[in-house]
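Q: Here you go, final-v5.pdb (PDB, C-alpha atoms, pLDDT in the B column):
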ATOM      1  CA  MET A   1      42.500  56.063 -72.785  1.00 63.00           C
ATOM      2  CA  GLU A   2      40.200  53.613 -74.551  1.00 83.00           C
ATOM      3  CA  SER A   3      36.466  54.061 -74.045  1.00 92.00           C
ATOM      4  CA  LYS A   4      34.509  51.336 -72.256  1.00 95.00           C
ATOM      5  CA  ILE A   5      31.266  50.126 -73.825  1.00 97.00           C
ATOM      6  CA  LEU A   6      28.849  47.858 -71.995  1.00 97.00           C
ATOM      7  CA  VAL A   7      26.979  45.521 -74.369  1.00 97.00           C
ATOM      8  CA  VAL A   8      23.744  44.163 -72.873  1.00 97.00           C
ATOM      9  CA  ASP A   9      22.052  41.394 -74.872  1.00 95.00           C
ATOM     10  CA  ASP A  10      20.956  37.838 -74.076  1.00 94.00           C
ATOM     11  CA  GLU A  11      21.839  36.499 -77.549  1.00 93.00           C
ATOM     12  CA  LYS A  12      25.448  35.322 -77.431  1.00 95.00           C
ATOM     13  CA  PRO A  13      25.994  35.328 -81.240  1.00 94.00           C
ATOM     14  CA  ILE A  14      25.009  39.008 -81.358  1.00 92.00           C
ATOM     15  CA  VAL A  15      27.207  39.816 -78.376  1.00 95.00           C
ATOM     16  CA  ASP A  16      30.152  38.042 -79.990  1.00 96.00           C
ATOM     17  CA  ILE A  17      29.751  40.004 -83.238  1.00 94.00           C
ATOM     18  CA  LEU A  18      29.457  43.316 -81.414  1.00 95.00           C
ATOM     19  CA  LYS A  19      32.405  42.534 -79.164  1.00 96.00           C
ATOM     20  CA  TYR A  20      34.617  41.598 -82.105  1.00 96.00           C
ATOM     21  CA  ASN A  21      33.804  44.728 -84.103  1.00 95.00           C
ATOM     22  CA  LEU A  22      33.954  47.123 -81.165  1.00 95.00           C
ATOM     23  CA  GLU A  23      37.304  45.792 -79.988  1.00 95.00           C
ATOM     24  CA  LYS A  24      38.574  46.083 -83.549  1.00 94.00           C
ATOM     25  CA  ASP A  25      37.593  49.776 -83.371  1.00 93.00           C
ATOM     26  CA  GLY A  26      39.643  50.167 -80.201  1.00 94.00           C
ATOM     27  CA  TYR A  27      36.985  49.990 -77.490  1.00 95.00           C
ATOM     28  CA  LYS A  28      37.125  48.005 -74.274  1.00 96.00           C
ATOM     29  CA  VAL A  29      33.990  45.844 -74.172  1.00 97.00           C
ATOM     30  CA  LEU A  30      32.064  44.793 -71.079  1.00 97.00           C
ATOM     31  CA  ILE A  31      29.268  42.222 -71.411  1.00 97.00           C
ATOM     32  CA  ALA A  32      26.003  41.521 -69.592  1.00 97.00           C
ATOM     33  CA  TYR A  33      23.477  38.873 -70.614  1.00 97.00           C
ATOM     34  CA  ASP A  34      20.564  39.917 -68.373  1.00 97.00           C
ATOM     35  CA  GLY A  35      19.134  43.034 -66.740  1.00 96.00           C
ATOM     36  CA  GLU A  36      20.412  42.370 -63.238  1.00 97.00           C
ATOM     37  CA  GLU A  37      23.951  41.847 -64.480  1.00 97.00           C
ATOM     38  CA  ALA A  38      23.690  44.994 -66.601  1.00 97.00           C
ATOM     39  CA  ILE A  39      22.784  47.156 -63.605  1.00 97.00           C
ATOM     40  CA  ARG A  40      25.535  45.636 -61.473  1.00 97.00           C
ATOM     41  CA  ILE A  41      28.269  46.068 -64.094  1.00 97.00           C
ATOM     42  CA  ALA A  42      27.153  49.538 -65.181  1.00 97.00           C
ATOM     43  CA  THR A  43      27.075  50.762 -61.580  1.00 96.00           C
ATOM     44  CA  SER A  44      30.459  49.324 -60.659  1.00 96.00           C
ATOM     45  CA  GLU A  45      32.360  49.899 -63.906  1.00 95.00           C
ATOM     46  CA  GLU A  46      30.742  53.170 -65.066  1.00 93.00           C
ATOM     47  CA  PRO A  47      31.177  52.551 -68.807  1.00 95.00           C
ATOM     48  CA  ASP A  48      31.415  55.421 -71.263  1.00 94.00           C
ATOM     49  CA  LEU A  49      28.429  54.144 -73.263  1.00 95.00           C
ATOM     50  CA  ILE A  50      25.818  51.386 -72.931  1.00 96.00           C
ATOM     51  CA  LEU A  51      24.294  49.351 -75.773  1.00 96.00           C
ATOM     52  CA  LEU A  52      21.097  48.062 -74.218  1.00 95.00           C
ATOM     53  CA  ASP A  53      18.695  45.464 -75.614  1.00 93.00           C
ATOM     54  CA  ILE A  54      15.045  45.640 -74.533  1.00 91.00           C
ATOM     55  CA  MET A  55      14.096  41.954 -74.359  1.00 90.00           C
ATOM     56  CA  LEU A  56      16.260  40.704 -71.488  1.00 94.00           C
ATOM     57  CA  PRO A  57      15.950  37.987 -68.835  1.00 95.00           C
ATOM     58  CA  LYS A  58      15.270  38.939 -65.175  1.00 95.00           C
ATOM     59  CA  ILE A  59      14.871  42.690 -65.778  1.00 96.00           C
ATOM     60  CA  ASP A  60      13.807  44.133 -69.132  1.00 94.00           C
ATOM     61  CA  GLY A  61      15.760  46.850 -70.888  1.00 93.00           C
ATOM     62  CA  PHE A  62      13.211  49.576 -70.159  1.00 93.00           C
ATOM     63  CA  SER A  63      13.518  48.950 -66.410  1.00 95.00           C
ATOM     64  CA  VAL A  64      17.299  48.779 -66.668  1.00 96.00           C
ATOM     65  CA  CYS A  65      17.341  52.125 -68.487  1.00 93.00           C
ATOM     66  CA  LYS A  66      15.106  53.748 -65.875  1.00 91.00           C
ATOM     67  CA  THR A  67      17.247  52.438 -63.010  1.00 94.00           C
ATOM     68  CA  LEU A  68      20.562  53.433 -64.557  1.00 94.00           C
ATOM     69  CA  ARG A  69      19.340  56.873 -65.536  1.00 88.00           C
ATOM     70  CA  GLN A  70      18.760  57.621 -61.857  1.00 86.00           C
ATOM     71  CA  LYS A  71      22.389  56.760 -61.099  1.00 86.00           C
ATOM     72  CA  LEU A  72      24.435  57.545 -64.198  1.00 87.00           C
ATOM     73  CA  ASN A  73      24.583  60.150 -66.935  1.00 82.00           C
ATOM     74  CA  THR A  74      26.166  57.634 -69.329  1.00 89.00           C
ATOM     75  CA  PRO A  75      24.799  57.686 -72.906  1.00 89.00           C
ATOM     76  CA  ILE A  76      22.382  54.784 -73.399  1.00 92.00           C
ATOM     77  CA  LEU A  77      21.789  53.487 -76.914  1.00 92.00           C
ATOM     78  CA  MET A  78      18.867  51.068 -76.996  1.00 89.00           C
ATOM     79  CA  VAL A  79      19.481  48.205 -79.437  1.00 84.00           C
ATOM     80  CA  THR A  80      16.442  46.043 -80.086  1.00 78.00           C
ATOM     81  CA  ALA A  81      14.385  44.098 -82.583  1.00 75.00           C
ATOM     82  CA  LYS A  82      11.293  46.035 -81.536  1.00 67.00           C
ATOM     83  CA  GLU A  83      10.437  48.807 -83.962  1.00 67.00           C
ATOM     84  CA  GLU A  84       6.941  49.796 -82.884  1.00 69.00           C
ATOM     85  CA  GLU A  85       6.507  53.521 -82.301  1.00 66.00           C
ATOM     86  CA  VAL A  86       5.427  53.039 -78.681  1.00 71.00           C
ATOM     87  CA  ASP A  87       8.663  51.212 -77.843  1.00 75.00           C
ATOM     88  CA  LYS A  88      10.807  53.972 -79.334  1.00 72.00           C
ATOM     89  CA  VAL A  89       8.925  56.675 -77.441  1.00 75.00           C
ATOM     90  CA  LEU A  90       8.991  54.739 -74.158  1.00 80.00           C
ATOM     91  CA  GLY A  91      12.740  54.192 -74.399  1.00 79.00           C
ATOM     92  CA  LEU A  92      13.335  57.900 -74.942  1.00 79.00           C
ATOM     93  CA  GLU A  93      10.891  58.828 -72.189  1.00 80.00           C
ATOM     94  CA  LEU A  94      12.866  56.664 -69.755  1.00 83.00           C
ATOM     95  CA  GLY A  95      16.071  58.520 -70.594  1.00 81.00           C
ATOM     96  CA  ALA A  96      17.676  56.626 -73.479  1.00 86.00           C
ATOM     97  CA  ASP A  97      19.827  58.867 -75.670  1.00 84.00           C
ATOM     98  CA  ASP A  98      19.234  56.986 -78.892  1.00 83.00           C
ATOM     99  CA  TYR A  99      17.461  54.013 -80.444  1.00 82.00           C
ATOM    100  CA  ILE A 100      18.613  51.624 -83.157  1.00 85.00           C
ATOM    101  CA  VAL A 101      16.588  48.711 -84.561  1.00 83.00           C
ATOM    102  CA  LYS A 102      17.934  45.261 -85.480  1.00 82.00           C
ATOM    103  CA  PRO A 103      19.089  44.379 -88.026  1.00 82.00           C
ATOM    104  CA  PHE A 104      21.497  47.287 -88.343  1.00 85.00           C
ATOM    105  CA  SER A 105      24.838  47.763 -90.047  1.00 88.00           C
ATOM    106  CA  MET A 106      27.999  48.001 -87.977  1.00 90.00           C
ATOM    107  CA  ARG A 107      28.829  51.151 -89.907  1.00 88.00           C
ATOM    108  CA  GLU A 108      25.636  52.828 -88.695  1.00 86.00           C
ATOM    109  CA  LEU A 109      26.170  51.624 -85.137  1.00 90.00           C
ATOM    110  CA  ALA A 110      29.794  52.791 -85.154  1.00 90.00           C
ATOM    111  CA  ALA A 111      28.725  56.257 -86.329  1.00 86.00           C
ATOM    112  CA  ARG A 112      26.201  56.574 -83.538  1.00 85.00           C
ATOM    113  CA  ILE A 113      28.642  55.383 -80.906  1.00 89.00           C
ATOM    114  CA  LYS A 114      31.290  57.860 -82.051  1.00 85.00           C
ATOM    115  CA  ALA A 115      28.760  60.700 -82.110  1.00 80.00           C
ATOM    116  CA  ASN A 116      27.598  59.989 -78.561  1.00 80.00           C
ATOM    117  CA  LEU A 117      31.124  59.629 -77.183  1.00 84.00           C
ATOM    118  CA  ARG A 118      32.248  62.772 -78.992  1.00 76.00           C
ATOM    119  CA  ARG A 119      29.339  64.722 -77.528  1.00 69.00           C
ATOM    120  CA  VAL A 120      30.269  63.640 -74.011  1.00 68.00           C
ATOM    121  CA  GLN A 121      33.924  64.545 -74.565  1.00 67.00           C
ATOM    122  CA  MET A 122      32.997  67.983 -75.852  1.00 58.00           C
ATOM    123  CA  SER A 123      30.936  68.556 -72.718  1.00 57.00           C
ATOM    124  CA  GLU A 124      33.831  67.490 -70.496  1.00 56.00           C
ATOM    125  CA  ASP A 125      36.110  69.914 -72.352  1.00 50.00           C
ATOM    126  CA  ALA A 126      33.771  72.887 -71.835  1.00 48.00           C
ATOM    127  CA  ASP A 127      35.609  76.074 -70.907  1.00 51.00           C
ATOM    128  CA  GLY A 128      33.741  76.943 -67.737  1.00 54.00           C
ATOM    129  CA  LYS A 129      31.243  79.339 -69.229  1.00 78.00           C
ATOM    130  CA  SER A 130      27.619  79.434 -68.216  1.00 81.00           C
ATOM    131  CA  ILE A 131      24.515  80.641 -70.024  1.00 83.00           C
ATOM    132  CA  THR A 132      21.900  82.549 -68.033  1.00 86.00           C
ATOM    133  CA  TYR A 133      18.394  83.459 -69.196  1.00 84.00           C
ATOM    134  CA  GLY A 134      16.011  84.707 -66.537  1.00 83.00           C
ATOM    135  CA  ASP A 135      15.919  82.153 -63.709  1.00 86.00           C
ATOM    136  CA  LEU A 136      17.555  79.453 -65.855  1.00 89.00           C
ATOM    137  CA  VAL A 137      21.329  78.844 -65.624  1.00 89.00           C
ATOM    138  CA  ILE A 138      23.105  76.392 -67.944  1.00 89.00           C
ATOM    139  CA  ASP A 139      26.527  75.604 -66.473  1.00 87.00           C
ATOM    140  CA  LEU A 140      28.745  74.315 -69.288  1.00 79.00           C
ATOM    141  CA  ASP A 141      31.607  73.473 -66.935  1.00 72.00           C
ATOM    142  CA  LYS A 142      29.680  71.362 -64.433  1.00 74.00           C
ATOM    143  CA  TYR A 143      27.255  70.086 -67.066  1.00 78.00           C
ATOM    144  CA  VAL A 144      24.234  70.996 -64.959  1.00 85.00           C
ATOM    145  CA  VAL A 145      21.156  73.194 -65.271  1.00 91.00           C
ATOM    146  CA  ARG A 146      19.603  75.161 -62.445  1.00 90.00           C
ATOM    147  CA  LYS A 147      16.283  76.931 -62.242  1.00 90.00           C
ATOM    148  CA  LYS A 148      15.729  79.380 -59.394  1.00 87.00           C
ATOM    149  CA  GLY A 149      18.866  77.929 -57.827  1.00 86.00           C
ATOM    150  CA  LYS A 150      17.583  74.349 -57.864  1.00 90.00           C
ATOM    151  CA  GLN A 151      19.410  71.771 -59.978  1.00 90.00           C
ATOM    152  CA  ILE A 152      17.344  70.076 -62.683  1.00 91.00           C
ATOM    153  CA  ASP A 153      18.074  66.463 -63.538  1.00 86.00           C
ATOM    154  CA  LEU A 154      18.627  66.246 -67.304  1.00 86.00           C
ATOM    155  CA  THR A 155      19.962  63.427 -69.449  1.00 83.00           C
ATOM    156  CA  SER A 156      23.075  64.207 -71.470  1.00 80.00           C
ATOM    157  CA  ARG A 157      20.966  64.452 -74.640  1.00 85.00           C
ATOM    158  CA  GLU A 158      18.483  66.847 -73.036  1.00 89.00           C
ATOM    159  CA  PHE A 159      21.350  68.987 -71.811  1.00 89.00           C
ATOM    160  CA  GLU A 160      22.970  69.126 -75.233  1.00 88.00           C
ATOM    161  CA  LEU A 161      19.684  70.046 -76.910  1.00 92.00           C
ATOM    162  CA  LEU A 162      19.001  72.802 -74.380  1.00 93.00           C
ATOM    163  CA  LYS A 163      22.553  74.141 -74.686  1.00 90.00           C
ATOM    164  CA  PHE A 164      22.417  74.189 -78.480  1.00 91.00           C
ATOM    165  CA  LEU A 165      19.102  76.052 -78.580  1.00 93.00           C
ATOM    166  CA  ALA A 166      20.171  78.496 -75.858  1.00 90.00           C
ATOM    167  CA  ILE A 167      23.467  79.324 -77.570  1.00 87.00           C
ATOM    168  CA  ASN A 168      21.505  80.019 -80.760  1.00 89.00           C
ATOM    169  CA  LYS A 169      18.766  81.948 -79.006  1.00 89.00           C
ATOM    170  CA  GLY A 170      15.927  83.066 -81.266  1.00 90.00           C
ATOM    171  CA  GLN A 171      17.038  80.967 -84.256  1.00 92.00           C
ATOM    172  CA  VAL A 172      14.509  78.398 -85.455  1.00 94.00           C
ATOM    173  CA  PHE A 173      15.776  74.888 -86.225  1.00 95.00           C
ATOM    174  CA  SER A 174      13.951  72.122 -88.058  1.00 93.00           C
ATOM    175  CA  ARG A 175      13.876  68.596 -86.635  1.00 90.00           C
ATOM    176  CA  ASP A 176      16.272  67.466 -89.360  1.00 88.00           C
ATOM    177  CA  THR A 177      18.771  70.154 -88.399  1.00 90.00           C
ATOM    178  CA  LEU A 178      18.508  69.386 -84.691  1.00 91.00           C
ATOM    179  CA  LEU A 179      19.126  65.702 -85.375  1.00 86.00           C
ATOM    180  CA  GLU A 180      22.223  66.630 -87.340  1.00 84.00           C
ATOM    181  CA  LYS A 181      23.570  69.244 -84.926  1.00 85.00           C
ATOM    182  CA  VAL A 182      22.653  67.716 -81.567  1.00 86.00           C
ATOM    183  CA  TRP A 183      22.517  63.998 -82.262  1.00 81.00           C
ATOM    184  CA  GLY A 184      25.647  64.318 -84.351  1.00 74.00           C
ATOM    185  CA  TYR A 185      24.890  62.209 -87.413  1.00 63.00           C
ATOM    186  CA  GLU A 186      22.364  61.805 -90.177  1.00 57.00           C
ATOM    187  CA  TYR A 187      19.399  60.195 -88.496  1.00 51.00           C
ATOM    188  CA  TYR A 188      17.247  57.697 -90.313  1.00 52.00           C
ATOM    189  CA  GLY A 189      13.888  59.408 -90.558  1.00 51.00           C
ATOM    190  CA  ASP A 190      12.529  59.247 -86.997  1.00 66.00           C
ATOM    191  CA  MET A 191      11.464  62.789 -86.178  1.00 74.00           C
ATOM    192  CA  ARG A 192       9.705  61.646 -82.998  1.00 80.00           C
ATOM    193  CA  THR A 193      13.103  61.479 -81.337  1.00 83.00           C
ATOM    194  CA  VAL A 194      13.293  65.278 -81.330  1.00 88.00           C
ATOM    195  CA  ASP A 195       9.662  65.743 -80.294  1.00 90.00           C
ATOM    196  CA  VAL A 196       9.952  63.386 -77.329  1.00 88.00           C
ATOM    197  CA  THR A 197      13.170  65.013 -76.121  1.00 90.00           C
ATOM    198  CA  ILE A 198      11.645  68.485 -76.481  1.00 94.00           C
ATOM    199  CA  ARG A 199       8.594  67.394 -74.489  1.00 92.00           C
ATOM    200  CA  ARG A 200      10.731  65.922 -71.699  1.00 89.00           C
ATOM    201  CA  LEU A 201      12.824  69.083 -71.597  1.00 93.00           C
ATOM    202  CA  ARG A 202       9.767  71.314 -71.345  1.00 94.00           C
ATOM    203  CA  GLU A 203       8.345  69.234 -68.511  1.00 92.00           C
ATOM    204  CA  LYS A 204      11.561  69.767 -66.568  1.00 92.00           C
ATOM    205  CA  ILE A 205      12.378  73.439 -67.159  1.00 93.00           C
ATOM    206  CA  GLU A 206       9.106  75.201 -67.977  1.00 93.00           C
ATOM    207  CA  GLU A 207       6.640  76.562 -65.433  1.00 90.00           C
ATOM    208  CA  ASP A 208       3.848  75.697 -67.859  1.00 92.00           C
ATOM    209  CA  PRO A 209       4.944  73.142 -70.496  1.00 91.00           C
ATOM    210  CA  GLY A 210       1.777  73.907 -72.462  1.00 90.00           C
ATOM    211  CA  SER A 211       2.833  77.550 -72.798  1.00 91.00           C
ATOM    212  CA  PRO A 212       6.629  77.321 -72.907  1.00 93.00           C
ATOM    213  CA  ARG A 213       8.789  80.340 -72.192  1.00 91.00           C
ATOM    214  CA  TYR A 214      12.134  78.861 -73.195  1.00 93.00           C
ATOM    215  CA  ILE A 215      11.651  75.971 -75.651  1.00 94.00           C
ATOM    216  CA  CYS A 216       9.236  77.397 -78.187  1.00 94.00           C
ATOM    217  CA  THR A 217       7.668  76.077 -81.392  1.00 94.00           C
ATOM    218  CA  LYS A 218       7.478  77.834 -84.743  1.00 92.00           C
ATOM    219  CA  ARG A 219       4.531  76.036 -86.267  1.00 90.00           C
ATOM    220  CA  GLY A 220       5.428  74.201 -89.448  1.00 89.00           C
ATOM    221  CA  VAL A 221       9.120  75.049 -89.095  1.00 92.00           C
ATOM    222  CA  GLY A 222      10.712  73.787 -85.896  1.00 93.00           C
ATOM    223  CA  TYR A 223      11.915  74.767 -82.429  1.00 95.00           C
ATOM    224  CA  TYR A 224      13.783  77.701 -80.945  1.00 95.00           C
ATOM    225  CA  PHE A 225      14.894  79.173 -77.622  1.00 93.00           C
ATOM    226  CA  GLY A 226      12.497  81.987 -76.826  1.00 86.00           C
ATOM    227  CA  GLU A 227      13.475  85.602 -76.475  1.00 60.00           C
ATOM    228  CA  GLU A 228      13.141  87.266 -73.108  1.00 52.00           C
TER     229      GLU A 228
END
Would you encode the structure as structure tokens?
A:
Amino acid sequence: MESKILVVDDEKPIVDILKYNLEKDGYKVLIAYDGEEAIRIATSEEPDLILLDIMLPKIDGFSVCKTLRQKLNTPILMVTAKEEEVDKVLGLELGADDYIVKPFSMRELAARIKANLRRVQMSEDADGKSITYGDLVIDLDKYVVRKKGKQIDLTSREFELLKFLAINKGQVFSRDTLLEKVWGYEYYGDMRTVDVTIRRLREKIEEDPGSPRYICTKRGVGYYFGEE
């Protein structure tokens, strides 16, 4: 079955280009030109992936992302002309899975879309195993994480990062390697993506994020899942 992608942008020429290329790649394309329409369509249609601009009429992309993240676990790829560091960090903090800055090549966008959709499919095909460390349980079948029996609300990207580190317990990974293994493609130099996701993950699963038990740092090298 073809994947559905919701394109959210108020610039019709950009929407038309994206729609043409995405349909050529075999995707079904849904379109929203403002934030209110984006929330309505995303909630009713439940697309497989959302391309979300930041500068939108009625409701901005950041607010749309925050609202949708409370309702859906759909991968959100923020597509915007804004390239300031604070905008990238804010988008990730609100639950976006990725960030791409205009102008971009369709080849780069296509690679990121495929990587995100492939990651979701791999999660859906999980074989029912779970990973347990102390009071933390990572259920690969239900795609959920529980701590002391209470479910923790993670984005799909946070879940994949936690799963990858937990499966490779004790092994230290650089930011470059994590971008390749978890994000699924060669990223274009923005290491803050990993740092922000790590910080969000720690805030959700650690008793004391400042002294993490699970998601640990090897100074000057990278991150690893701590030994019991």
Q: Specify as an NGL selection string each residue included when the PyMOL selection byres ((chain A and resi 70-72) around 12) is applied to this file.
A: :A and (39-40 or 42-50 or 63-69 or 73-76 or 94-96 or 153-156)
Q: So which residues touch Leu136 in chain A within 6 Å, counting all atoms listed in the file, skipping near sequence neighbours fewer than 2 positions away, as a list in words?
A: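 The contact residues come out as Thr132, Tyr133, Gly134, Arg146 and Lys147 of chain A.
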Q: I would like the residues chosen by the PyMOL selection byres ((chain A and resi 137) around 12) on the shown file; could you give them as a PyMOL selection string?
A: chain A and resi 129-136+138-152+159+162-163+166+205+214
Q: Those selected residues, please, written with C-alpha atoms and delivered as an mmCIF file, in the frame of the given file.
A:
data_model
loop_
_atom_site.group_PDB
_atom_site.id
_atom_site.type_symbol
_atom_site.label_atom_id
_atom_site.label_comp_id
_atom_site.auth_asym_id
_atom_site.auth_seq_id
_atom_site.Cartn_x
_atom_site.Cartn_y
_atom_site.Cartn_z
ATOM 1 C CA LYS A 129 31.243 79.339 -69.229
ATOM 2 C CA SER A 130 27.619 79.434 -68.216
ATOM 3 C CA ILE A 131 24.515 80.641 -70.024
ATOM 4 C CA THR A 132 21.900 82.549 -68.033
ATOM 5 C CA TYR A 133 18.394 83.459 -69.196
ATOM 6 C CA GLY A 134 16.011 84.707 -66.537
ATOM 7 C CA ASP A 135 15.919 82.153 -63.709
ATOM 8 C CA LEU A 136 17.555 79.453 -65.855
ATOM 9 C CA ILE A 138 23.105 76.392 -67.944
ATOM 10 C CA ASP A 139 26.527 75.604 -66.473
ATOM 11 C CA LEU A 140 28.745 74.315 -69.288
ATOM 12 C CA ASP A 141 31.607 73.473 -66.935
ATOM 13 C CA LYS A 142 29.680 71.362 -64.433
ATOM 14 C CA TYR A 143 27.255 70.086 -67.066
ATOM 15 C CA VAL A 144 24.234 70.996 -64.959
ATOM 16 C CA VAL A 145 21.156 73.194 -65.271
ATOM 17 C CA ARG A 146 19.603 75.161 -62.445
ATOM 18 C CA LYS A 147 16.283 76.931 -62.242
ATOM 19 C CA LYS A 148 15.729 79.380 -59.394
ATOM 20 C CA GLY A 149 18.866 77.929 -57.827
ATOM 21 C CA LYS A 150 17.583 74.349 -57.864
ATOM 22 C CA GLN A 151 19.410 71.771 -59.978
ATOM 23 C CA ILE A 152 17.344 70.076 -62.683
ATOM 24 C CA PHE A 159 21.350 68.987 -71.811
ATOM 25 C CA LEU A 162 19.001 72.802 -74.380
ATOM 26 C CA LYS A 163 22.553 74.141 -74.686
ATOM 27 C CA ALA A 166 20.171 78.496 -75.858
ATOM 28 C CA ILE A 205 12.378 73.439 -67.159
ATOM 29 C CA TYR A 214 12.134 78.861 -73.195
#
Q: Take the point (12.2, 81.4, -78.6) as written in the file and pick out every residue within 10 Å of it, counting all atoms listed in the file; give the list as a list in words.
A: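 Every polymer residue passing the test: Leu165, Ala166, Asn168, Lys169, Gly170, Gln171, Val172, Pro212, Arg213, Tyr214, Ile215, Cys216, Thr217, Lys218, Tyr223, Tyr224, Phe225, Gly226, Glu227 and Glu228 of chain A.
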Q: In Å, with one decimal, what is the gap from CA of Glu2 in chain A to CA of Phe104 in chain A?
A: 24.1 Å
Q: Using only C-alpha atoms, what does the table of range 78-165 of chain A residues within 10 Å of range 193-199 of chain A look like, with each row giving the shortest atom pair and its distance in Å to one decimal, sorted by chain and ascending number, as a tab-separated table?
A:
residue	atom	partner	partner_atom	distance
A:Lys88	CA	A:Thr193	CA	8.1
A:Val89	CA	A:Val196	CA	6.8
A:Leu90	CA	A:Val196	CA	9.3
A:Leu92	CA	A:Val196	CA	6.9
A:Glu93	CA	A:Val196	CA	6.9
A:Gly95	CA	A:Thr197	CA	9.0
A:Ala96	CA	A:Thr197	CA	9.9
A:Asp97	CA	A:Thr197	CA	9.1
A:Asp98	CA	A:Thr193	CA	8.0
A:Tyr99	CA	A:Thr193	CA	8.7
A:Thr155	CA	A:Thr197	CA	9.7
A:Arg157	CA	A:Thr197	CA	8.0
A:Glu158	CA	A:Thr197	CA	6.4
A:Leu161	CA	A:Ile198	CA	8.2
A:Leu162	CA	A:Ile198	CA	8.8
Q: Suppose you want the space between CA of Glu36 in chain A and CA of Pro57 in chain A; what is it in Å?
A: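 According to the coordinates, CA of Glu36 in chain A and CA of Pro57 in chain A are separated by 8.4 Å.
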Q: With the file shown as input, list the residues that the PyMOL selection byres ((chain A and resi 19) around 10) selects, as a ChimeraX atom specification.
A: /A:5-7,13-18,20-25,27-31
Q: Find the residues near range 100-103 of chain A: any atom within 6 Å, counting only C-alpha atoms, skip ones fewer than 3 places away on the same chain, and give them as a list in words.
A: Val79, Thr80 and Ala81 of chain A
Q: Export, as a tab-separated table (two decimals), in the coordinates of the input, the selected residues with C-alpha atoms.
A:
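File written: again.tsv
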chain	number	residue	atom	x	y	z
A	79	VAL	CA	19.48	48.20	-79.44
A	80	THR	CA	16.44	46.04	-80.09
A	81	ALA	CA	14.38	44.10	-82.58
Q: How many Å separate CA of Met55 in chain A from CA of Lys12 in chain A?
A: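 Computed distance, CA of Met55 in chain A to CA of Lys12 in chain A, equals 13.5 Å.
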Q: Go ahead and fit an axis-aligned box to every listed atom of range 68-81 of chain A plus 3 Å each side, and pass me the centre and edge lengths in Å, one decimal, as lines of an AutoDock Vina configuration file.
A:
center_x = 20.3
center_y = 52.1
center_z = -71.8
size_x = 17.8
size_y = 22.1
size_z = 27.5
Q: Pick the closest to Ile54 in chain A from A:Glu160, A:Lys114, A:Gly184, A:Asp9: which is it, counting only C-alpha atoms?
A: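 Of the candidates, the smallest distance to Ile54 in chain A is held by A:Asp9.
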Q: Considering only C-alpha atoms, can you say which of A:Gly91, A:Pro209, A:Gly26, A:Phe173 comes closest to Ala110 in chain A?
A: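 Residue with the minimum atom-to-atom distance to Ala110 in chain A: A:Gly26.
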